[in-house]
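Reproduced below: my_file.pdb, with PDB, C-alpha atoms and all ligand atoms.
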ATOM      1  CA  MET A  10     -17.035 -23.722  40.260  1.00  0.00           C
ATOM      2  CA  SER A  11     -14.608 -21.078  41.427  1.00  0.00           C
ATOM      3  CA  GLY A  12     -11.630 -22.582  43.278  1.00  0.00           C
ATOM      4  CA  ASP A  13     -12.815 -26.195  42.826  1.00  0.00           C
ATOM      5  CA  LEU A  14      -9.525 -28.029  42.235  1.00  0.00           C
ATOM      6  CA  SER A  15     -11.164 -31.429  41.697  1.00  0.00           C
ATOM      7  CA  THR A  16     -12.247 -30.505  38.170  1.00  0.00           C
ATOM      8  CA  VAL A  17     -10.678 -28.709  35.230  1.00  0.00           C
ATOM      9  CA  THR A  18      -8.919 -25.585  36.438  1.00  0.00           C
ATOM     10  CA  ARG A  19      -9.122 -22.662  34.041  1.00  0.00           C
ATOM     11  CA  VAL A  20      -7.111 -19.512  34.693  1.00  0.00           C
ATOM     12  CA  LEU A  21      -7.141 -16.093  33.113  1.00  0.00           C
ATOM     13  CA  TYR A  22      -3.875 -14.221  32.502  1.00  0.00           C
ATOM     14  CA  PRO A  23      -4.749 -10.611  31.594  1.00  0.00           C
ATOM     15  CA  GLY A  24      -2.303  -7.921  30.551  1.00  0.00           C
ATOM     16  CA  SER A  25      -1.515  -5.164  28.101  1.00  0.00           C
ATOM     17  CA  PHE A  26       1.039  -7.282  26.198  1.00  0.00           C
ATOM     18  CA  ASP A  27       2.134  -4.223  24.228  1.00  0.00           C
ATOM     19  CA  PRO A  28       4.011  -6.179  23.007  1.00  0.00           C
ATOM     20  CA  VAL A  29       4.291  -9.641  24.552  1.00  0.00           C
ATOM     21  CA  HIS A  30       7.897 -10.404  25.606  1.00  0.00           C
ATOM     22  CA  ASN A  31       9.818 -13.446  26.814  1.00  0.00           C
ATOM     23  CA  GLY A  32       8.979 -12.709  30.461  1.00  0.00           C
ATOM     24  CA  HIS A  33       5.275 -13.004  29.620  1.00  0.00           C
ATOM     25  CA  ILE A  34       5.919 -16.214  27.663  1.00  0.00           C
ATOM     26  CA  GLU A  35       7.670 -17.693  30.681  1.00  0.00           C
ATOM     27  CA  ILE A  36       4.650 -16.929  32.897  1.00  0.00           C
ATOM     28  CA  ILE A  37       2.278 -18.386  30.278  1.00  0.00           C
ATOM     29  CA  GLU A  38       4.383 -21.558  29.991  1.00  0.00           C
ATOM     30  CA  THR A  39       4.450 -21.928  33.783  1.00  0.00           C
ATOM     31  CA  ALA A  40       0.686 -21.398  34.034  1.00  0.00           C
ATOM     32  CA  ALA A  41       0.135 -23.902  31.204  1.00  0.00           C
ATOM     33  CA  SER A  42       2.154 -26.487  33.135  1.00  0.00           C
ATOM     34  CA  LEU A  43       0.257 -25.864  36.385  1.00  0.00           C
ATOM     35  CA  PHE A  44      -3.326 -25.527  35.183  1.00  0.00           C
ATOM     36  CA  ASP A  45      -5.580 -27.351  32.725  1.00  0.00           C
ATOM     37  CA  GLU A  46      -6.535 -24.336  30.653  1.00  0.00           C
ATOM     38  CA  VAL A  47      -5.024 -20.878  30.332  1.00  0.00           C
ATOM     39  CA  ILE A  48      -6.777 -17.949  28.697  1.00  0.00           C
ATOM     40  CA  VAL A  49      -4.432 -15.101  27.858  1.00  0.00           C
ATOM     41  CA  ALA A  50      -6.251 -11.828  27.301  1.00  0.00           C
ATOM     42  CA  ALA A  51      -4.865  -8.704  25.679  1.00  0.00           C
ATOM     43  CA  MET A  52      -6.667  -5.911  27.500  1.00  0.00           C
ATOM     44  CA  VAL A  53      -6.809  -2.142  27.806  1.00  0.00           C
ATOM     45  CA  ASN A  54      -4.780  -0.498  30.562  1.00  0.00           C
ATOM     46  CA  THR A  55      -6.099   3.042  30.731  1.00  0.00           C
ATOM     47  CA  THR A  56      -3.025   4.178  32.702  1.00  0.00           C
ATOM     48  CA  LYS A  57      -0.606   3.324  29.876  1.00  0.00           C
ATOM     49  CA  ASP A  58       0.099   4.839  26.460  1.00  0.00           C
ATOM     50  CA  GLY A  59       0.667   1.913  24.161  1.00  0.00           C
ATOM     51  CA  VAL A  60       1.859   1.413  20.615  1.00  0.00           C
ATOM     52  CA  PHE A  61      -0.015  -1.559  19.192  1.00  0.00           C
ATOM     53  CA  GLN A  62      -3.759  -1.908  18.656  1.00  0.00           C
ATOM     54  CA  LEU A  63      -5.558  -4.588  20.652  1.00  0.00           C
ATOM     55  CA  ASP A  64      -5.970  -6.870  17.613  1.00  0.00           C
ATOM     56  CA  ASP A  65      -2.248  -6.626  16.786  1.00  0.00           C
ATOM     57  CA  ARG A  66      -1.385  -7.525  20.379  1.00  0.00           C
ATOM     58  CA  GLU A  67      -3.760 -10.492  20.230  1.00  0.00           C
ATOM     59  CA  GLU A  68      -2.205 -11.652  16.946  1.00  0.00           C
ATOM     60  CA  MET A  69       1.357 -11.436  18.333  1.00  0.00           C
ATOM     61  CA  LEU A  70       0.266 -13.392  21.420  1.00  0.00           C
ATOM     62  CA  THR A  71      -1.478 -16.044  19.336  1.00  0.00           C
ATOM     63  CA  VAL A  72       1.579 -16.857  17.223  1.00  0.00           C
ATOM     64  CA  SER A  73       3.878 -16.686  20.260  1.00  0.00           C
ATOM     65  CA  VAL A  74       1.968 -19.315  22.271  1.00  0.00           C
ATOM     66  CA  ALA A  75       1.063 -21.618  19.353  1.00  0.00           C
ATOM     67  CA  HIS A  76       3.302 -24.318  20.886  1.00  0.00           C
ATOM     68  CA  LEU A  77       1.060 -24.564  23.977  1.00  0.00           C
ATOM     69  CA  SER A  78      -2.048 -26.649  23.309  1.00  0.00           C
ATOM     70  CA  ASN A  79      -3.916 -25.658  26.508  1.00  0.00           C
ATOM     71  CA  VAL A  80      -3.524 -21.913  25.979  1.00  0.00           C
ATOM     72  CA  ARG A  81      -6.145 -19.764  24.263  1.00  0.00           C
ATOM     73  CA  VAL A  82      -5.693 -16.099  23.383  1.00  0.00           C
ATOM     74  CA  LYS A  83      -8.307 -13.402  23.140  1.00  0.00           C
ATOM     75  CA  MET A  84      -8.667  -9.655  23.335  1.00  0.00           C
ATOM     76  CA  PHE A  85     -11.123  -7.907  25.572  1.00  0.00           C
ATOM     77  CA  SER A  86     -12.052  -4.330  26.209  1.00  0.00           C
ATOM     78  CA  GLY A  87     -13.633  -4.149  29.658  1.00  0.00           C
ATOM     79  CA  LEU A  88     -13.157  -5.336  33.209  1.00  0.00           C
ATOM     80  CA  VAL A  89     -11.008  -8.362  34.037  1.00  0.00           C
ATOM     81  CA  VAL A  90     -13.693  -9.610  36.433  1.00  0.00           C
ATOM     82  CA  ASP A  91     -16.312  -9.519  33.663  1.00  0.00           C
ATOM     83  CA  LEU A  92     -14.072 -11.530  31.332  1.00  0.00           C
ATOM     84  CA  ALA A  93     -13.275 -13.985  34.143  1.00  0.00           C
ATOM     85  CA  GLN A  94     -16.995 -14.522  34.666  1.00  0.00           C
ATOM     86  CA  GLU A  95     -17.689 -14.793  30.922  1.00  0.00           C
ATOM     87  CA  GLU A  96     -14.953 -17.424  30.565  1.00  0.00           C
ATOM     88  CA  ASP A  97     -15.818 -19.183  33.833  1.00  0.00           C
ATOM     89  CA  ALA A  98     -12.211 -18.763  35.021  1.00  0.00           C
ATOM     90  CA  ASP A  99     -11.324 -20.142  38.456  1.00  0.00           C
ATOM     91  CA  PHE A 100      -8.417 -17.790  39.092  1.00  0.00           C
ATOM     92  CA  ILE A 101      -6.675 -14.773  37.660  1.00  0.00           C
ATOM     93  CA  VAL A 102      -2.933 -15.313  37.173  1.00  0.00           C
ATOM     94  CA  LYS A 103      -0.366 -12.501  37.182  1.00  0.00           C
ATOM     95  CA  GLY A 104       3.411 -12.439  36.981  1.00  0.00           C
ATOM     96  CA  LEU A 105       5.566 -10.616  39.510  1.00  0.00           C
ATOM     97  CA  ARG A 106       8.999  -9.364  38.470  1.00  0.00           C
ATOM     98  CA  ALA A 107      10.038  -7.344  41.483  1.00  0.00           C
ATOM     99  CA  VAL A 108       8.770  -5.830  44.716  1.00  0.00           C
ATOM    100  CA  SER A 109       7.914  -2.716  42.712  1.00  0.00           C
ATOM    101  CA  ASP A 110       5.220  -4.681  40.849  1.00  0.00           C
ATOM    102  CA  PHE A 111       3.683  -5.914  44.041  1.00  0.00           C
ATOM    103  CA  GLU A 112       1.890  -2.876  45.413  1.00  0.00           C
ATOM    104  CA  ASN A 113      -0.151  -2.237  42.279  1.00  0.00           C
ATOM    105  CA  GLU A 114      -0.772  -5.933  41.620  1.00  0.00           C
ATOM    106  CA  LEU A 115      -1.911  -6.524  45.209  1.00  0.00           C
ATOM    107  CA  GLN A 116      -4.344  -3.625  44.983  1.00  0.00           C
ATOM    108  CA  MET A 117      -5.771  -4.897  41.680  1.00  0.00           C
ATOM    109  CA  ALA A 118      -6.072  -8.406  43.121  1.00  0.00           C
ATOM    110  CA  GLN A 119      -7.930  -7.069  46.167  1.00  0.00           C
ATOM    111  CA  MET A 120     -10.178  -4.887  44.013  1.00  0.00           C
ATOM    112  CA  ASN A 121     -11.049  -7.793  41.722  1.00  0.00           C
ATOM    113  CA  ASN A 122     -11.655 -10.058  44.720  1.00  0.00           C
ATOM    114  CA  ALA A 123     -13.924  -7.485  46.361  1.00  0.00           C
ATOM    115  CA  ALA A 124     -15.847  -7.023  43.108  1.00  0.00           C
ATOM    116  CA  SER A 125     -16.421 -10.662  42.231  1.00  0.00           C
ATOM    117  CA  GLY A 126     -14.845 -13.024  44.757  1.00  0.00           C
ATOM    118  CA  ILE A 127     -12.197 -14.241  42.306  1.00  0.00           C
ATOM    119  CA  HIS A 128      -8.681 -14.785  43.659  1.00  0.00           C
ATOM    120  CA  THR A 129      -5.434 -13.816  41.936  1.00  0.00           C
ATOM    121  CA  LEU A 130      -2.466 -16.178  41.982  1.00  0.00           C
ATOM    122  CA  PHE A 131       0.997 -14.671  41.528  1.00  0.00           C
ATOM    123  CA  ILE A 132       3.780 -16.427  39.644  1.00  0.00           C
ATOM    124  CA  PRO A 133       7.262 -15.006  40.258  1.00  0.00           C
ATOM    125  CA  SER A 134       9.311 -14.450  37.130  1.00  0.00           C
ATOM    126  CA  ALA A 135      12.685 -16.166  36.808  1.00  0.00           C
ATOM    127  CA  SER A 136      15.651 -13.872  37.385  1.00  0.00           C
ATOM    128  CA  ARG A 137      16.670 -14.097  33.705  1.00  0.00           C
ATOM    129  CA  SER A 138      13.391 -12.399  32.738  1.00  0.00           C
ATOM    130  CA  SER A 139      12.769 -10.091  35.654  1.00  0.00           C
ATOM    131  CA  PHE A 140      14.143  -6.964  33.942  1.00  0.00           C
ATOM    132  CA  LEU A 141      11.915  -7.337  30.877  1.00  0.00           C
ATOM    133  CA  ALA A 142       9.172  -4.754  30.438  1.00  0.00           C
ATOM    134  CA  SER A 143       7.162  -3.899  27.323  1.00  0.00           C
ATOM    135  CA  LYS A 144       7.811  -0.164  27.779  1.00  0.00           C
ATOM    136  CA  PHE A 145      11.612  -0.678  27.664  1.00  0.00           C
ATOM    137  CA  ILE A 146      11.331  -3.033  24.696  1.00  0.00           C
ATOM    138  CA  ARG A 147       9.267  -0.417  22.817  1.00  0.00           C
ATOM    139  CA  ASP A 148      11.847   2.227  23.661  1.00  0.00           C
ATOM    140  CA  PHE A 149      14.786   0.072  22.589  1.00  0.00           C
ATOM    141  CA  ALA A 150      13.055  -0.872  19.324  1.00  0.00           C
ATOM    142  CA  ARG A 151      12.064   2.744  18.623  1.00  0.00           C
ATOM    143  CA  TRP A 152      15.711   3.851  18.800  1.00  0.00           C
ATOM    144  CA  GLY A 153      17.101   0.911  16.846  1.00  0.00           C
ATOM    145  CA  GLY A 154      18.228  -1.236  19.790  1.00  0.00           C
ATOM    146  CA  ASP A 155      18.492  -5.005  19.446  1.00  0.00           C
ATOM    147  CA  ILE A 156      15.571  -6.643  21.249  1.00  0.00           C
ATOM    148  CA  SER A 157      15.693  -9.949  19.361  1.00  0.00           C
ATOM    149  CA  ALA A 158      16.711 -11.956  22.454  1.00  0.00           C
ATOM    150  CA  MET A 159      13.918 -10.447  24.536  1.00  0.00           C
ATOM    151  CA  VAL A 160      10.806 -11.160  22.479  1.00  0.00           C
ATOM    152  CA  PRO A 161       9.432 -14.017  20.347  1.00  0.00           C
ATOM    153  CA  GLU A 162      10.618 -13.771  16.715  1.00  0.00           C
ATOM    154  CA  PRO A 163       7.246 -12.662  15.261  1.00  0.00           C
ATOM    155  CA  VAL A 164       7.209  -9.806  17.768  1.00  0.00           C
ATOM    156  CA  ALA A 165      10.733  -8.723  16.781  1.00  0.00           C
ATOM    157  CA  ILE A 166       9.574  -8.641  13.134  1.00  0.00           C
ATOM    158  CA  LYS A 167       6.474  -6.625  14.025  1.00  0.00           C
ATOM    159  CA  LEU A 168       8.562  -4.137  16.041  1.00  0.00           C
ATOM    160  CA  LYS A 169      10.885  -3.712  13.068  1.00  0.00           C
ATOM    161  CA  GLU A 170       7.893  -3.038  10.812  1.00  0.00           C
ATOM    162  CA  GLN A 171       6.545  -0.530  13.315  1.00  0.00           C
ATOM    163  CA  PHE A 172       9.739   1.405  13.977  1.00  0.00           C
ATOM    164  CA  GLY A 173      11.878   0.609  10.923  1.00  0.00           C
TER
HETATM  165  O1  LIG B   1       0.157  -5.679  31.593  1.00  0.00           O
HETATM  166  P1  LIG B   1      -0.513  -4.665  32.497  1.00  0.00           P
HETATM  167  O2  LIG B   1      -0.570  -3.303  31.842  1.00  0.00           O
HETATM  168  O3  LIG B   1       0.113  -4.589  33.859  1.00  0.00           O
HETATM  169  O4  LIG B   1      -2.010  -5.188  32.690  1.00  0.00           O
HETATM  170  C1  LIG B   1      -2.935  -4.408  33.423  1.00  0.00           C
HETATM  171  C2  LIG B   1      -4.354  -4.861  33.130  1.00  0.00           C
HETATM  172  C3  LIG B   1      -4.671  -4.742  31.644  1.00  0.00           C
HETATM  173  C4  LIG B   1      -4.529  -6.292  33.571  1.00  0.00           C
HETATM  174  C5  LIG B   1      -5.270  -3.912  33.968  1.00  0.00           C
HETATM  175  O5  LIG B   1      -5.101  -2.590  33.565  1.00  0.00           O
HETATM  176  C6  LIG B   1      -6.730  -4.322  33.854  1.00  0.00           C
HETATM  177  O6  LIG B   1      -7.147  -5.182  34.578  1.00  0.00           O
HETATM  178  N1  LIG B   1      -7.456  -3.708  32.882  1.00  0.00           N
HETATM  179  C7  LIG B   1      -8.813  -4.063  32.580  1.00  0.00           C
HETATM  180  C8  LIG B   1      -9.800  -3.126  33.280  1.00  0.00           C
HETATM  181  C9  LIG B   1      -9.993  -3.537  34.730  1.00  0.00           C
HETATM  182  O7  LIG B   1     -10.436  -4.624  35.042  1.00  0.00           O
HETATM  183  N2  LIG B   1      -9.647  -2.585  35.624  1.00  0.00           N
HETATM  184  C10 LIG B   1      -9.750  -2.788  37.041  1.00  0.00           C
HETATM  185  C11 LIG B   1      -8.461  -3.357  37.620  1.00  0.00           C
HETATM  186  S1  LIG B   1      -8.574  -3.503  39.379  1.00  0.00           S
END
Translate this file's structure into structure tokens.
Ligand code: PNS
Amino acid sequence: MSGDLSTVTRVLYPGSFDPVHNGHIEIIETAASLFDEVIVAAMVNTTKDGVFQLDDREEMLTVSVAHLSNVRVKMFSGLVVDLAQEEDADFIVKGLRAVSDFENELQMAQMNNAASGIHTLFIPSASRSSFLASKFIRDFARWGGDISAMVPEPVAIKLKEQFG
């Protein structure tokens, strides 16, 4: 039922979420307000060196979106298009922070569309979140910086455990 807006619309929001930060939460909350069901998937990005295991990232996501009743979290190791098919998702949703995100995101959207016909919808991040990036949060936390205003509380605790 891909793209059929007359019925329940289920979207898939994939990402590394290593870790999830407030910019991601904002996109998830927006998607949850626009669509009937949102599946957030912690996935493997082979181009990035991460810190947290997939199950830790899933756990942090799960507690961080517990206030949203139409959001489900899972982890998946494989192609986004395969997960979208498995979950019968109508659209992929991605957040865009800046023009610099666009080139890569556009290419992924086109690749996924060519592979399976699924479309990607982009949600622009609000200016208050547009500087947030997991790699900077990891770096700040690693060197003792205060990231408590940038991530959900359980993530701040987990980062403290990880980096001391
Ligand atoms: O948060 P990120 O790192 O920007 O998310 C990128 C992610 C995980 C969505 C991307 O790397 C991805 O889709 N990985 C799964 C494997 C896949 O489908 N690769 C083809 C992308 S065109």
| note | Between A:Val108, A:Val49, A:Leu63, A:Ile156, smallest distance to Tyr22 in chain A by all atoms listed in the file belongs to A:Val49
Please, what is the axis-aligned box for every listed atom of range 146-165 of chain A with 4 Å on each side, as centre and edge lengths in Å to one decimal, as AutoDock Vina command-line options?
--center_x 12.9 --center_y -5.1 --center_z 20.0 --size_x 19.3 --size_y 25.9 --size_z 17.4
| query | Quick one, how far is CA of Asn54 in chain A from atom C9 of ligand LIG 1 (chain B)? | reply |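 These two atoms are separated by 7.3 Å.
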| At most 10 Å from ligand LIG 1 (chain B) (only C-alpha atoms and all ligand atoms): residue list as a PyMOL selection string | chain A and resi 22-29+33+50-59+85-93+101-105+110+113-124+142-144
| message | Considering all atoms listed in the file, can you say which of A:Ser157, A:Asn31, A:Gln62, A:Asn79 comes closest to Phe44 in chain A? | response | A:Asn79
| Using all atoms listed in the file: which of A:Ser139, A:Thr39, A:Thr129, A:Ser134 has the shortest distance to Val80 in chain A |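 Closest residue, counting all atoms listed in the file: A:Thr39.
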| request: Would you list the contacts of Asp155 in chain A as a ChimeraX atom specification, taking every protein, DNA or RNA residue within 12 Å and counting only C-alpha atoms, but skipping same-chain residues closer than 6 positions in sequence? | output: /A:145-149,165-166,168-169
| task | Quote the spacing between CA of Ala41 in chain A and CA of Ala75 in chain A in Å to one decimal place. | result | 12.1 Å
| message | Report, in Å to a single decimal, how far apart CA of Asp45 in chain A and CA of Val17 in chain A are. | response |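 Between these atoms lies a distance of 5.8 Å.
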